[in-house]
Amino acid sequence: MERIRRSPHFANGVFVNPEGAKIRPSGNAAMEMAKSYFRKDERVRRAPAGLIPVHPTTLADLARPPASGLRITWMGHSSVLAEIDGHRVLFDPVWGERCSPFAFAGPKRLHPVPVPLAALGPVDVVVISHDHYDHLDMPSIKELAGTDTVFAVPLGVGAHLEHWGVSADRIRELDWQEATKVGGLTLTATPARHFCGRGLRNIQHTLWASWVVAGDEHRIYHSGDTGYFDGFKDIGAAHGPFDITMIQVGAYSEFWPDIHMTPDEGLRTHLDLQGGEPGGVMMPIHWATFNLAMHAWAEPGERMMWATHDAGVTMAAPRPGEPFEPKSTPPVDPWWRPVSQQPVGGWAAWPPVGERLDLVAES
């Protein structure tokens, strides 16, 4: 609490956002959101129409060292295993069936986990972006508490981990712009525009963050959850450019534009982080695994595919559980199309043929 009270980002008893942020709709907007959420035709669009193709990740896949020194495995939503310069970093591990305080209710995962948590092998550091249920999963943390891994978390989040059995000496709690060393890696908590809370009465009492992880040869960025803000340019100037940026582009809505990004804003964020250049690889996260917003299930991936193509940015579009090395990112294969409801007029040709048609998933 002493560190929290001293934080320049803590005022009047709560953590505050850069540039401010409206967290949730109210009044007429809240009523309209509720109506939209329960409309039957829209509810159908928010789920896949078939089985999501999960890559059958094996221990052998992950046992071989990455040839380039950097390998990324997206496990779904915002959970990512990053193997970087001989170290293993696990971002926002959510292996539970629901992102909810209840085992019987709340958003249920739309695809199975690609690999059991215990089968990942040793992890050097677990990084948590904030304490929402779809990023800080109690069953996953309790399982990891029995290992030797270090936990890097935003200021205040360590209390949750200690309560769940993680010893205090394995927790590194950071304010924005603070860094910690784990082995040969430097992990820096950087600003994000979001909020926190695991109940109705503790909103804004723990910090949220994006993360920079730098090794001897590679640099990577994980956005956590965030709305767009000008601070991404400062993060890029101080820590970039990056070999890969992992950017939240799902669960966006006109009802909460300040705290989650659209695919177009995600592209803008990637470019800001890269100093305005289309270099590095951009991977969309925070989509496909849970139904958390009103947009169509496949829309984030489809929109991101076209946005990065138009900007000349390399996009990584792995299936959940599919390891890849950013240095040799394969061409985008829109794997979501066969298991998604087809938009009116059909899908635009991919790879593009002639002039692009302005068709995106279920828009």
# chains A, B, ... in the order shown; residues from 1 in each chain; ligands from 1
>>> select_by_dssp(residues="stretch 200-266 of chain A", states="strand (DSSP E or B)", output="number ranges by chain")
A: 210-214, 219-222, 244-248
>>> residues_around(residues="A:Ala152", least_positions_apart="3", cutoff="10 Å", atoms="only C-alpha atoms", output="ChimeraX atom specification")
/A:91,125-129,149,155,157-158,170-174,179-182,187-189,211
>>> closest_residue(among="A:Thr269, A:Thr58, A:Thr289, A:Thr73", to="A:Asp230", atoms="only C-alpha atoms")
A:Thr269
>>> atom_distance(atom1="atom CA of A:Gly227", atom2="atom CA of A:His270")
13.0 Å
>>> atom_distance(atom1="atom CA of A:Ser68", atom2="atom CA of A:Gly276")
25.0 Å
>>> atom_distance(atom1="atom CA of A:Ala316", atom2="atom CA of A:Met283")
4.9 Å
>>> residues_around(residues="A:Trp287", least_positions_apart="4", cutoff="8 Å", atoms="only C-alpha atoms", output="NGL selection string")
:A and (76-78 or 248-251 or 297 or 300-301)
>>> residues_around(residues="A:His160", least_positions_apart="2", cutoff="12 Å", atoms="only C-alpha atoms", output="ChimeraX atom specification")
/A:128,130-133,136-138,141-142,145,151,153-158,162-168,171,173,197-198,206
>>> closest_residue(among="A:Asp310, A:Asp272, A:Asp258, A:Glu322", to="A:Ala21", atoms="only C-alpha atoms")
A:Asp258
>>> closest_residue(among="A:His286, A:Lys233, A:His135, A:Arg319", to="A:Cys196", atoms="only C-alpha atoms")
A:His135
>>> residues_around(residues="A:Asp85", least_positions_apart="2", cutoff="9 Å", atoms="only C-alpha atoms", output="ChimeraX atom specification")
/A:66,68-70,83,87-88,184-185,215-218
>>> select_by_dssp(residues="stretch 152-206 of chain A", states="helix (DSSP H, G or I)", output="VMD selection string")
chain A and resid 158 to 163 168 to 170
>>> closest_residue(among="A:Gly50, A:Gly279, A:Gly240, A:Gly224", to="A:His260", atoms="only C-alpha atoms")
A:Gly224
